[in-house]
>>> print(open('run-v5.txt').read())   # compact mmCIF, C-alpha atoms and all ligand atoms
# COMPACT_ATOMS: atom_id res chain seq x y z
CA MET T 1 21.12 -4.31 7.91
CA LEU T 2 18.87 -4.51 4.79
CA ALA T 3 21.13 -2.42 2.58
CA THR T 4 22.02 -3.88 -0.79
CA LYS T 5 23.45 -3.07 -4.20
CA VAL T 6 21.64 -3.96 -7.39
CA GLY T 7 23.83 -3.69 -10.47
CA GLY T 8 25.91 -1.21 -8.49
CA ILE T 9 22.94 0.97 -7.43
CA SER T 10 22.88 1.34 -3.64
CA PHE T 11 19.57 0.69 -1.90
CA ASP T 12 19.04 1.38 1.83
CA CYS T 13 16.49 -1.43 1.87
CA CYS T 14 16.40 -4.55 -0.29
CA VAL T 15 12.59 -4.51 -0.49
CA TYR T 16 10.94 -2.29 -3.12
CA ASN T 17 8.04 -2.15 -5.52
CA ALA T 18 7.43 -4.16 -8.66
CA SER T 19 6.53 -2.35 -11.82
CA GLY T 20 2.76 -2.67 -12.28
CA PRO T 21 0.35 -1.91 -9.48
CA LYS T 22 0.30 1.67 -8.20
CA THR T 23 3.15 2.86 -10.38
CA ASN T 24 1.35 4.58 -13.25
CA SER T 25 1.42 8.21 -12.07
CA ILE T 26 4.12 10.44 -10.59
CA GLU T 27 1.88 10.88 -7.51
CA ALA T 28 1.84 7.09 -7.04
CA LEU T 29 5.63 6.93 -7.46
CA ILE T 30 6.12 9.69 -4.89
CA LYS T 31 3.86 7.75 -2.51
CA ILE T 32 6.26 4.83 -2.87
CA GLY T 33 9.11 7.27 -2.29
CA ASN T 34 7.57 8.12 1.07
CA THR T 35 7.45 4.52 2.26
CA ALA T 36 10.20 2.19 3.47
CA ALA T 37 10.74 0.88 -0.10
CA GLY T 38 14.41 0.81 -1.07
CA ALA T 39 13.82 2.24 -4.55
CA ILE T 40 11.10 3.64 -6.81
CA LEU T 41 10.28 1.71 -9.97
CA SER T 42 7.90 3.14 -12.57
CA LYS T 43 5.12 1.44 -14.51
CA SER T 44 6.45 -0.12 -17.72
CA ALA T 45 6.38 2.71 -20.23
CA THR T 46 5.67 2.52 -23.92
CA LEU T 47 6.79 5.18 -26.39
CA ASN T 48 3.36 6.82 -26.41
CA ALA T 49 0.71 6.93 -23.72
CA GLN T 50 -1.93 4.20 -24.02
CA ASP T 51 -5.07 3.17 -22.17
CA GLY T 52 -4.41 -0.57 -22.18
CA ASN T 53 -6.93 -3.39 -22.56
CA GLU T 54 -10.67 -3.21 -22.01
CA LEU T 55 -12.11 -3.43 -18.46
CA PRO T 56 -12.46 -5.43 -16.30
CA ARG T 57 -8.88 -6.60 -16.71
CA PHE T 58 -7.64 -7.66 -13.30
CA ILE T 59 -8.58 -9.54 -10.17
CA ASN T 60 -6.76 -9.57 -6.85
CA LYS T 61 -7.24 -10.77 -3.29
CA ILE T 62 -7.92 -14.24 -4.64
CA ASP T 63 -7.48 -16.62 -1.78
CA LEU T 64 -5.41 -19.68 -2.55
CA GLY T 65 -6.00 -22.50 -0.11
CA GLY T 66 -7.31 -20.68 2.94
CA ASN T 67 -4.92 -18.28 4.54
CA TYR T 68 -1.83 -19.42 2.76
CA CYS T 69 -1.57 -16.80 0.05
CA ASN T 70 -3.28 -14.22 -2.04
CA GLY T 71 -3.04 -14.30 -5.78
CA SER T 72 -3.84 -11.93 -8.61
CA MET T 73 -4.34 -11.99 -12.33
CA ASN T 74 -4.11 -9.09 -14.73
CA SER T 75 -4.36 -8.38 -18.38
CA GLU T 76 -3.89 -4.64 -18.27
CA GLY T 77 -2.20 -4.27 -21.64
CA LEU T 78 0.35 -1.69 -20.55
CA PRO T 79 -1.80 1.28 -19.62
CA ASN T 80 0.76 4.04 -19.04
CA GLN T 81 1.44 7.69 -19.72
CA GLY T 82 4.22 7.29 -22.28
CA ILE T 83 7.97 7.50 -21.61
CA ASP T 84 8.23 11.31 -21.60
CA TYR T 85 5.84 11.51 -18.65
CA TYR T 86 8.15 9.40 -16.45
CA ILE T 87 11.33 11.26 -17.30
CA ASN T 88 10.34 14.90 -17.71
CA ASP T 89 12.03 17.62 -15.61
CA GLU T 90 9.13 18.09 -13.22
CA ALA T 91 8.73 14.35 -12.59
CA LEU T 92 12.45 13.87 -12.03
CA SER T 93 12.77 16.81 -9.67
CA GLN T 94 9.81 15.62 -7.56
CA ILE T 95 11.06 12.05 -7.43
CA LYS T 96 14.57 13.22 -6.55
CA LYS T 97 13.20 14.73 -3.33
CA CYS T 98 12.35 11.22 -2.10
CA ASN T 99 16.06 10.46 -1.92
CA LYS T 100 15.78 6.94 -3.29
CA PRO T 101 17.09 5.40 -6.50
CA TYR T 102 14.66 5.90 -9.38
CA ILE T 103 14.34 3.13 -11.94
CA VAL T 104 12.32 3.50 -15.13
CA SER T 105 10.68 0.40 -16.54
CA LEU T 106 10.40 0.15 -20.34
CA SER T 107 8.24 -2.20 -22.33
CA GLY T 108 8.29 -1.01 -25.92
CA LEU T 109 5.83 -2.51 -28.37
CA THR T 110 8.70 -2.93 -30.86
CA LEU T 111 12.49 -3.05 -30.69
CA ASN T 112 12.61 0.40 -32.30
CA ASP T 113 10.30 1.76 -29.61
CA ASN T 114 12.64 0.40 -26.95
CA LEU T 115 15.65 1.97 -28.63
CA GLU T 116 13.86 5.30 -29.03
CA MET T 117 12.84 5.30 -25.35
CA LEU T 118 16.41 4.53 -24.31
CA LYS T 119 17.67 7.44 -26.43
CA ARG T 120 15.16 9.76 -24.76
CA ILE T 121 16.37 8.62 -21.34
CA PHE T 122 20.01 9.15 -22.34
CA ASN T 123 19.13 12.73 -23.29
CA ARG T 124 17.86 13.47 -19.78
CA PRO T 125 19.94 14.60 -16.77
CA LEU T 126 21.12 11.13 -15.90
CA ASP T 127 21.98 11.75 -12.28
CA ASN T 128 18.21 11.61 -11.60
CA ILE T 129 17.60 8.26 -13.26
CA ASN T 130 19.58 5.49 -11.61
CA GLY T 131 18.38 2.46 -13.48
CA ILE T 132 16.39 1.08 -16.38
CA GLU T 133 14.39 -2.12 -16.07
CA LEU T 134 13.87 -3.32 -19.62
CA ASN T 135 10.79 -5.51 -19.48
CA LEU T 136 11.14 -8.40 -21.92
CA ALA T 137 8.26 -10.37 -20.55
CA CYS T 138 4.89 -8.61 -20.68
CA PRO T 139 2.38 -11.35 -21.55
CA ASN T 140 -0.65 -9.14 -22.11
CA ILE T 141 -0.22 -7.50 -25.48
CA VAL T 142 -2.36 -8.88 -28.27
CA ASN T 143 -0.21 -10.33 -31.08
CA LYS T 144 3.08 -9.61 -29.26
CA PRO T 145 4.76 -12.79 -28.07
CA VAL T 146 6.88 -12.59 -24.93
CA ILE T 147 10.44 -11.67 -25.98
CA ALA T 148 12.05 -13.66 -23.16
CA TYR T 149 10.51 -16.86 -24.58
CA ASP T 150 11.95 -16.30 -28.04
CA PHE T 151 15.69 -16.71 -27.60
CA ASP T 152 16.57 -15.37 -31.05
CA GLN T 153 14.59 -12.25 -30.34
CA LEU T 154 16.08 -11.94 -26.86
CA ASP T 155 19.54 -12.07 -28.42
CA GLU T 156 18.63 -9.52 -31.08
CA VAL T 157 17.08 -7.07 -28.60
CA LEU T 158 20.07 -7.28 -26.25
CA ASN T 159 22.47 -6.90 -29.14
CA GLU T 160 20.78 -3.71 -30.39
CA VAL T 161 20.37 -2.28 -26.89
CA SER T 162 23.99 -3.07 -26.18
CA LYS T 163 25.19 -1.35 -29.36
CA LEU T 164 23.16 1.74 -28.48
CA ILE T 165 24.43 1.94 -24.89
CA ASN T 166 28.03 1.42 -25.97
CA SER T 167 27.69 4.25 -28.47
CA VAL T 168 26.66 6.78 -25.82
CA LYS T 169 29.55 8.92 -24.72
CA LYS T 170 28.36 9.54 -21.16
CA LYS T 171 27.62 7.23 -18.25
CA THR T 172 24.18 5.72 -18.77
CA PRO T 173 21.79 4.42 -16.08
CA ILE T 174 22.33 0.85 -14.91
CA LEU T 175 20.52 -1.64 -17.14
CA GLY T 176 18.47 -4.51 -15.77
CA ILE T 177 16.22 -6.84 -17.74
CA LYS T 178 12.98 -8.39 -16.56
CA LEU T 179 12.45 -11.98 -17.60
CA ALA T 180 9.43 -14.23 -17.89
CA PRO T 181 9.26 -17.35 -15.73
CA TYR T 182 11.02 -20.36 -17.24
CA PHE T 183 9.93 -23.90 -16.56
CA ASP T 184 12.56 -26.01 -18.22
CA PRO T 185 16.18 -26.33 -17.05
CA SER T 186 17.43 -25.91 -20.63
CA HIS T 187 15.73 -22.51 -20.80
CA PHE T 188 17.55 -21.16 -17.72
CA LYS T 189 20.80 -22.22 -19.34
CA LYS T 190 19.95 -20.73 -22.71
CA ALA T 191 18.75 -17.41 -21.27
CA ILE T 192 21.95 -16.97 -19.24
CA GLU T 193 24.11 -18.05 -22.18
CA ILE T 194 22.63 -15.13 -24.17
CA ILE T 195 22.54 -12.55 -21.36
CA ILE T 196 26.18 -12.97 -20.35
CA LYS T 197 27.30 -12.01 -23.85
CA TYR T 198 26.17 -8.44 -23.18
CA SER T 199 28.19 -6.63 -20.55
CA VAL T 200 25.66 -3.77 -20.48
CA VAL T 201 23.22 -6.02 -18.58
CA LYS T 202 24.01 -5.50 -14.91
CA TYR T 203 21.04 -7.25 -13.32
CA ILE T 204 18.13 -9.58 -13.99
CA VAL T 205 14.65 -9.24 -12.52
CA THR T 206 12.80 -12.53 -12.28
CA THR T 207 10.00 -13.29 -12.63
CA ASN T 208 7.20 -11.58 -14.48
CA THR T 209 3.70 -13.02 -14.14
CA ILE T 210 2.96 -16.52 -15.38
CA GLY T 211 1.25 -15.62 -18.62
CA ASN T 212 -2.06 -16.80 -19.99
CA ALA T 213 -3.84 -18.06 -16.92
CA MET T 214 -7.60 -18.05 -16.62
CA PHE T 215 -10.22 -17.43 -13.96
CA ILE T 216 -13.80 -18.43 -14.52
CA ASP T 217 -17.05 -17.17 -13.06
CA ALA T 218 -18.79 -20.52 -12.78
CA GLU T 219 -22.13 -18.98 -11.87
CA LEU T 220 -22.30 -16.89 -15.01
CA GLU T 221 -20.25 -19.52 -16.88
CA CYS T 222 -17.98 -16.85 -18.30
CA ALA T 223 -14.39 -15.65 -18.18
CA ALA T 224 -13.62 -13.47 -15.14
CA ILE T 225 -11.88 -10.70 -17.12
CA ALA T 226 -12.70 -9.13 -20.45
CA PRO T 227 -9.48 -8.88 -22.53
CA ARG T 228 -7.79 -11.62 -24.53
CA ASN T 229 -10.57 -14.21 -24.16
CA GLY T 230 -10.13 -14.04 -20.39
CA LEU T 231 -6.41 -14.80 -20.37
CA GLY T 232 -4.10 -12.89 -18.04
CA GLY T 233 -0.83 -13.02 -16.15
CA LEU T 234 -0.90 -14.82 -12.82
CA GLY T 235 0.84 -13.13 -9.92
CA GLY T 236 1.05 -13.10 -6.14
CA GLY T 237 1.13 -16.18 -3.92
CA TYR T 238 0.39 -18.54 -6.80
CA ILE T 239 3.78 -17.88 -8.32
CA LYS T 240 6.05 -17.60 -5.29
CA HIS T 241 7.54 -21.05 -5.79
CA THR T 242 8.09 -20.47 -9.50
CA ALA T 243 9.85 -17.21 -8.61
CA LEU T 244 12.06 -18.98 -6.04
CA ALA T 245 13.04 -21.60 -8.60
CA ASN T 246 13.75 -18.98 -11.26
CA VAL T 247 15.98 -16.95 -8.95
CA TYR T 248 17.74 -20.12 -7.82
CA MET T 249 18.29 -21.57 -11.29
CA LEU T 250 19.41 -18.31 -12.89
CA TYR T 251 21.75 -17.61 -9.97
CA LYS T 252 23.20 -21.11 -10.26
CA GLU T 253 23.80 -20.60 -13.99
CA LEU T 254 25.48 -17.24 -13.36
CA VAL T 255 27.72 -18.79 -10.72
CA SER T 256 28.69 -21.68 -12.95
CA ASN T 257 29.58 -19.22 -15.71
CA GLY T 258 31.66 -17.17 -13.26
CA ARG T 259 29.32 -14.19 -13.70
CA THR T 260 28.29 -13.25 -10.18
CA ASP T 261 28.79 -9.63 -11.24
CA ILE T 262 25.26 -9.84 -12.71
CA ASP T 263 22.77 -9.39 -9.89
CA ILE T 264 19.32 -10.89 -9.49
CA VAL T 265 16.20 -9.22 -8.15
CA GLY T 266 13.42 -11.61 -7.12
CA VAL T 267 9.75 -10.90 -7.70
CA GLY T 268 6.66 -13.06 -7.43
CA GLY T 269 4.47 -13.77 -4.43
CA VAL T 270 6.51 -11.92 -1.83
CA HIS T 271 4.10 -11.20 0.98
CA SER T 272 6.19 -11.61 4.11
CA GLY T 273 9.71 -11.10 5.35
CA LEU T 274 10.13 -14.84 5.14
CA ASP T 275 9.25 -14.84 1.43
CA ALA T 276 11.95 -12.21 0.89
CA PHE T 277 14.38 -14.21 3.04
CA GLU T 278 13.80 -17.29 0.90
CA LEU T 279 14.38 -15.37 -2.35
CA ILE T 280 17.65 -14.00 -0.97
CA LEU T 281 18.71 -17.50 0.11
CA CYS T 282 18.19 -18.49 -3.54
CA GLY T 283 20.51 -15.68 -4.64
CA ALA T 284 18.42 -12.50 -4.97
CA LYS T 285 19.95 -9.17 -3.96
CA ALA T 286 16.55 -7.54 -3.55
CA ALA T 287 12.86 -8.43 -3.58
CA GLN T 288 10.06 -6.58 -5.32
CA LEU T 289 6.46 -6.49 -4.10
CA GLY T 290 3.69 -6.44 -6.70
CA THR T 291 0.39 -8.05 -5.69
CA CYS T 292 1.09 -7.33 -2.04
CA HIS T 293 1.63 -3.62 -2.79
CA TRP T 294 -1.60 -3.68 -4.75
CA THR T 295 -3.71 -5.21 -1.97
CA GLU T 296 -1.97 -3.77 1.10
CA ASN T 297 -0.74 -0.34 -0.02
CA GLY T 298 2.63 1.24 0.69
CA ASP T 299 2.72 -0.01 4.29
CA CYS T 300 3.71 -3.43 2.95
CA PHE T 301 7.34 -2.32 2.40
CA LYS T 302 7.86 -1.46 6.06
CA ARG T 303 6.10 -4.61 7.25
CA VAL T 304 8.00 -6.98 4.96
CA ALA T 305 11.31 -5.22 5.68
CA SER T 306 10.84 -5.41 9.44
CA GLU T 307 9.80 -9.08 9.26
CA LEU T 308 12.93 -9.80 7.24
CA LYS T 309 15.06 -7.89 9.74
CA GLN T 310 13.54 -9.90 12.59
CA ILE T 311 14.33 -13.20 10.87
CA MET T 312 17.92 -12.05 10.27
CA GLN T 313 18.31 -10.97 13.90
CA ASN T 314 16.96 -14.32 15.12
CA LYS T 315 19.47 -16.11 12.93
CA GLY T 316 22.37 -13.82 13.82
CA TYR T 317 22.80 -12.32 10.34
CA ASN T 318 24.02 -8.75 10.04
CA SER T 319 23.63 -8.28 6.32
CA ILE T 320 21.88 -10.04 3.45
CA GLU T 321 25.29 -11.08 2.13
CA ASP T 322 25.61 -13.37 5.18
CA PHE T 323 23.05 -15.76 3.67
CA ARG T 324 22.47 -14.69 0.07
CA GLY T 325 22.73 -17.56 -2.39
CA LYS T 326 23.58 -19.99 0.41
CA LEU T 327 20.58 -22.29 0.04
CA LYS T 328 21.58 -25.80 1.08
CA PRO T 329 20.35 -28.98 -0.57
CA TYR T 330 17.64 -31.01 1.13
CA MET T 331 18.48 -32.12 4.65
CA LYS T 332 16.70 -34.56 6.94
CA GLY T 333 14.24 -32.66 9.10
CA SER T 334 13.77 -29.92 6.54
CA LYS T 335 10.01 -30.03 7.11
CA GLN T 336 10.82 -27.68 9.98
CA ILE T 337 11.43 -24.99 7.38
CA SER T 338 7.98 -25.24 5.86
CA LYS T 339 6.53 -25.10 9.37
CA MET T 340 8.48 -21.92 9.90
CA SER T 341 7.31 -20.45 6.63
CA THR T 342 3.66 -20.80 7.50
CA THR T 343 3.88 -19.63 11.08
CA SER T 344 5.85 -16.50 10.24
CA ASN T 345 2.74 -14.95 8.81
CA PRO T 346 0.90 -13.47 11.80
CA LYS T 347 -2.43 -13.80 10.03
CA ILE T 348 -1.86 -17.48 9.47
CA GLN T 349 -0.48 -18.00 12.96
CA ASP T 350 -3.63 -16.39 14.30
CA GLY T 351 -5.82 -18.59 12.15
CA LYS T 352 -3.86 -21.69 13.13
CA SER T 353 -4.02 -21.11 16.85
CA LYS T 354 -7.73 -20.33 16.58
CA SER T 355 -8.44 -23.57 14.74
CA LEU T 356 -6.30 -25.49 17.27
CA LEU T 357 -8.42 -24.02 20.07
CA PHE T 358 -11.57 -25.17 18.29
CA ILE T 359 -10.20 -28.73 18.19
CA ILE T 360 -8.61 -28.89 21.63
CA LEU T 361 -11.39 -27.27 23.68
CA PRO T 362 -14.14 -29.77 22.74
CA ILE T 363 -11.72 -32.68 23.39
CA ILE T 364 -10.94 -31.36 26.88
CA LEU T 365 -14.67 -30.93 27.55
CA ILE T 366 -15.49 -34.48 26.44
CA ILE T 367 -12.67 -35.95 28.57
CA ALA T 368 -13.82 -33.87 31.54
CA LEU T 369 -17.39 -35.15 31.15
CA ILE T 370 -16.21 -38.78 30.98
CA ILE T 371 -13.95 -38.68 34.01
CA CYS T 372 -16.08 -36.32 36.09
CA PRO T 373 -17.83 -39.05 38.18
CA TYR T 374 -14.46 -40.67 39.01
CA ILE T 375 -13.07 -37.30 39.96
CA SER T 376 -15.89 -36.76 42.46
CA ILE T 377 -15.28 -40.23 44.01
CA ASP T 378 -11.61 -39.36 44.27
CA PHE T 379 -12.48 -36.10 45.91
CA ALA T 380 -14.57 -37.94 48.47
CA GLY T 381 -11.73 -40.39 49.05
CA LEU T 382 -9.25 -37.63 49.42
CA GLN T 383 -11.52 -35.79 51.81
CA ASN T 384 -11.85 -38.92 53.97
CA HIS T 385 -8.11 -39.50 53.85
CA TYR T 386 -7.33 -35.99 55.02
CA LEU T 387 -10.11 -35.97 57.59
CA LEU T 388 -8.71 -39.22 59.01
CA ARG T 389 -5.23 -37.68 59.14
CA ILE T 390 -6.55 -34.57 60.84
CA VAL T 391 -8.43 -36.67 63.40
CA LYS T 392 -5.32 -38.85 63.94
CA ASN T 393 -3.04 -35.83 64.39
CA ASN T 394 -5.38 -34.38 66.93
C1 LIG T 401 1.64 -5.49 -17.99
C2 LIG T 401 1.75 -6.74 -17.45
C3 LIG T 401 3.00 -7.22 -17.13
O1 LIG T 401 3.18 -8.45 -16.59
C4 LIG T 401 4.11 -6.43 -17.34
O2 LIG T 401 5.31 -6.90 -17.05
C5 LIG T 401 3.98 -5.17 -17.89
C6 LIG T 401 2.74 -4.71 -18.20
C7 LIG T 401 0.31 -4.98 -18.35
O3 LIG T 401 -0.55 -5.78 -18.76
O4 LIG T 401 0.09 -3.76 -18.28
>>> encode(input="run-v5.txt", output="C-alpha cells")
Amino acid sequence: MLATKVGGISFDCCVYNASGPKTNSIEALIKIGNTAAGAILSKSATLNAQDGNELPRFINKIDLGGNYCNGSMNSEGLPNQGIDYYINDEALSQIKKCNKPYIVSLSGLTLNDNLEMLKRIFNRPLDNINGIELNLACPNIVNKPVIAYDFDQLDEVLNEVSKLINSVKKKTPILGIKLAPYFDPSHFKKAIEIIIKYSVVKYIVTTNTIGNAMFIDAELECAAIAPRNGLGGLGGGYIKHTALANVYMLYKELVSNGRTDIDIVGVGGVHSGLDAFELILCGAKAAQLGTCHWTENGDCFKRVASELKQIMQNKGYNSIEDFRGKLKPYMKGSKQISKMSTTSNPKIQDGKSKSLLFIILPIILIIALIICPYISIDFAGLQNHYLLRIVKNN
C-alpha cells in the first residue's frame, strides 16, 4: 500500500530518513535499516572526514505553539566520516543485509570535491548503492553560499555532474538533488528551468532547512548555539508549510514542463502520517523524516507509516498514486481539513480533549449549582404527583 518508486528506485515504504540526524555512522545507518523506513540515506559526506562546527551547534524539541509541532535548529557544519567510509566494502556489505535501497548523500565543499566523490562511488560495486542525493543546499558552512540559491552555480554544478555521469560506461546510481527552500514563485520556475536541462537528474528532494535562523537565550542574553554567530538551519514543524509549498510549486512546474518523469521527495516537518499524506497530495513520491527521527528514534518510521496507511484506508485509497499530486484548490468548508490535521496527532487529540474537559466540567458544575433548588422543588412535585396517582389507582 505504501510502496513507491523514487527516480526508478523501488521502496517498500514511502517514508524514510532524511540525511542529517542519526546518519553519521554505519551502525546508525544499519539501525535505520532495521526499522520500517523505506530506504537508508547516509549523512551528507564530504571528500575527507571532518568534525564540523564548534559545540553546542543544535537544539531540538523546541515547542512551537503548544502541542502543535516540534522544531529544531542546527549548525553542524557537515560533521561526517568522509566519502570512503560510507562506500567501503565492509559498509556496503553490512548495509546490503538490511535489504533496503541505500542512498549516499554528498555535500562537497567544492565542485571538484563533488566530482571526485562521484568518481569514487562509480568505482564501487554499484549494485550496492542505489542512489545519490547530491545536497546543493547545506546552509551551515562558513563562507560557502548555498548552491541552490545561486542559479548560475546550480547550472554549472549540474552541467559538470551531468558530463561526468554521461562519460561513465556503466549504469550509475540514480541521481537526486536536494534543494534549499525557495520563497519566490520566480525561483521555483528558474530552478526547474535549469534542472530539466539535465536528464541525469531523476529526482528532487525538497526542502533543506531554512537557513540562517536564530534562537536566543534571553536570560543570558546570548545566542543559543555557538557557531556562525548563532545562526543555524531551521527544521521540523516550523518548516512544514514551507516544505508543502516547495513540493507543490516544484511539482506544478514539472507538470507544466511535461517532466513528470522527475520525481519529488518531500522533507520538512513531517511528524505524522497526515503530514506525509499532505506532502504526497502536493506531489511527493516519498517523505523523509529528519527532526522527528532525531527526537523520536527509529520507531518514528513505523508510526508515521501506519498513520499514513490508516488515513489511506479511511479514504479508500489503495496506493499513494491514487491521490499523489491531486491537491484541489480551495473549497468552501476547507477548514474541516485543518481540523483533521490537528486531531490526527494523538498527542494533540489527548491534549485537546483534556482541555475541553477542564472547560466543560466547571460549566456543568456551575449550572448544576444554579438549578439545584429548582430541581429539588420539581422532585417534590413529582413525588406528590406520583403519590397522588398511586393513591388514586388504589
Ligand atoms: C548540514 C546541514 C544541512 O542542512 C545539510 O543539508 C547538510 C549538512 C550540517 O550542518 O551538517
>>> closest_residue(input="run-v5.txt", among="T:Thr35, T:Ser42, T:Thr260, T:Ser105", to="T:Val15", atoms="all atoms listed in the file")
T:Thr35
>>> residues_near_ligand(input="run-v5.txt", ligand="ligand LIG 401 (chain T)", cutoff="7 Å", atoms="all atoms listed in the file", output="PDB file with C-alpha atoms, in the frame of the given file")
ATOM      1  CA  GLY T  20       2.760  -2.670 -12.280  1.00  0.00           C
ATOM      2  CA  SER T  44       6.450  -0.120 -17.720  1.00  0.00           C
ATOM      3  CA  GLY T  52      -4.410  -0.570 -22.180  1.00  0.00           C
ATOM      4  CA  ASN T  74      -4.110  -9.090 -14.730  1.00  0.00           C
ATOM      5  CA  SER T  75      -4.360  -8.380 -18.380  1.00  0.00           C
ATOM      6  CA  GLU T  76      -3.890  -4.640 -18.270  1.00  0.00           C
ATOM      7  CA  GLY T  77      -2.200  -4.270 -21.640  1.00  0.00           C
ATOM      8  CA  LEU T  78       0.350  -1.690 -20.550  1.00  0.00           C
ATOM      9  CA  PRO T  79      -1.800   1.280 -19.620  1.00  0.00           C
ATOM     10  CA  SER T 107       8.240  -2.200 -22.330  1.00  0.00           C
ATOM     11  CA  ASN T 135      10.790  -5.510 -19.480  1.00  0.00           C
ATOM     12  CA  ALA T 137       8.260 -10.370 -20.550  1.00  0.00           C
ATOM     13  CA  CYS T 138       4.890  -8.610 -20.680  1.00  0.00           C
ATOM     14  CA  PRO T 139       2.380 -11.350 -21.550  1.00  0.00           C
ATOM     15  CA  ASN T 140      -0.650  -9.140 -22.110  1.00  0.00           C
ATOM     16  CA  ILE T 141      -0.220  -7.500 -25.480  1.00  0.00           C
ATOM     17  CA  ASN T 208       7.200 -11.580 -14.480  1.00  0.00           C
ATOM     18  CA  THR T 209       3.700 -13.020 -14.140  1.00  0.00           C
ATOM     19  CA  GLY T 233      -0.830 -13.020 -16.150  1.00  0.00           C
TER      20      GLY T 233
END
>>> closest_residue(input="run-v5.txt", among="T:Gln310, T:Val247, T:Asn112, T:Ile196", to="T:Asp261", atoms="all atoms listed in the file")
T:Ile196
>>> closest_residue(input="run-v5.txt", among="T:Glu27, T:Glu307, T:Asp184, T:Glu54", to="T:Leu250", atoms="all atoms listed in the file")
T:Asp184
>>> closest_residue(input="run-v5.txt", among="T:Asn246, T:Thr206, T:Thr291, T:Asn53", to="T:Val265", atoms="only C-alpha atoms")
T:Thr206
>>> residues_around(input="run-v5.txt", residues="T:Tyr198", least_positions_apart="4", cutoff="9 Å", atoms="all atoms listed in the file", output="PyMOL selection string")
chain T and resi 158-159+162+194
>>> closest_residue(input="run-v5.txt", among="T:Ile204, T:Val255, T:Leu126, T:Ile30", to="T:Lys285", atoms="all atoms listed in the file")
T:Ile204
>>> atom_distance(input="run-v5.txt", atom1="atom CA of T:Thr172", atom2="atom CA of T:Asn257")
25.7 Å
>>> axis_aligned_box(input="run-v5.txt", around="stretch 221-228 of chain T", padding_each_side="6 Å", output="JSON")
{"center_x": -14.0, "center_y": -14.2, "center_z": -19.8, "size_x": 24.5, "size_y": 22.6, "size_z": 21.4}
>>> closest_residue(input="run-v5.txt", among="T:Met312, T:Ala287, T:Leu231, T:Val161", to="T:Pro56", atoms="all atoms listed in the file")
T:Leu231
>>> decode(input="run-v5.txt", residues="stretch 35-47 of chain T", atoms="C-alpha atoms", output="mmCIF file, in the first residue's frame")
data_model
loop_
_atom_site.group_PDB
_atom_site.id
_atom_site.type_symbol
_atom_site.label_atom_id
_atom_site.label_comp_id
_atom_site.auth_asym_id
_atom_site.auth_seq_id
_atom_site.Cartn_x
_atom_site.Cartn_y
_atom_site.Cartn_z
ATOM 1 C CA THR T 35 13.175 -0.064 11.102
ATOM 2 C CA ALA T 36 10.147 0.359 8.843
ATOM 3 C CA ALA T 37 11.957 3.068 6.820
ATOM 4 C CA GLY T 38 11.668 2.501 3.072
ATOM 5 C CA ALA T 39 15.330 3.308 2.378
ATOM 6 C CA ILE T 40 18.600 4.161 4.098
ATOM 7 C CA LEU T 41 20.112 7.579 3.420
ATOM 8 C CA SER T 42 23.572 8.480 4.702
ATOM 9 C CA LYS T 43 24.806 11.685 6.310
ATOM 10 C CA SER T 44 25.985 14.176 3.688
ATOM 11 C CA ALA T 45 29.576 13.200 3.030
ATOM 12 C CA THR T 46 32.476 15.454 2.197
ATOM 13 C CA LEU T 47 35.624 14.236 0.448
#
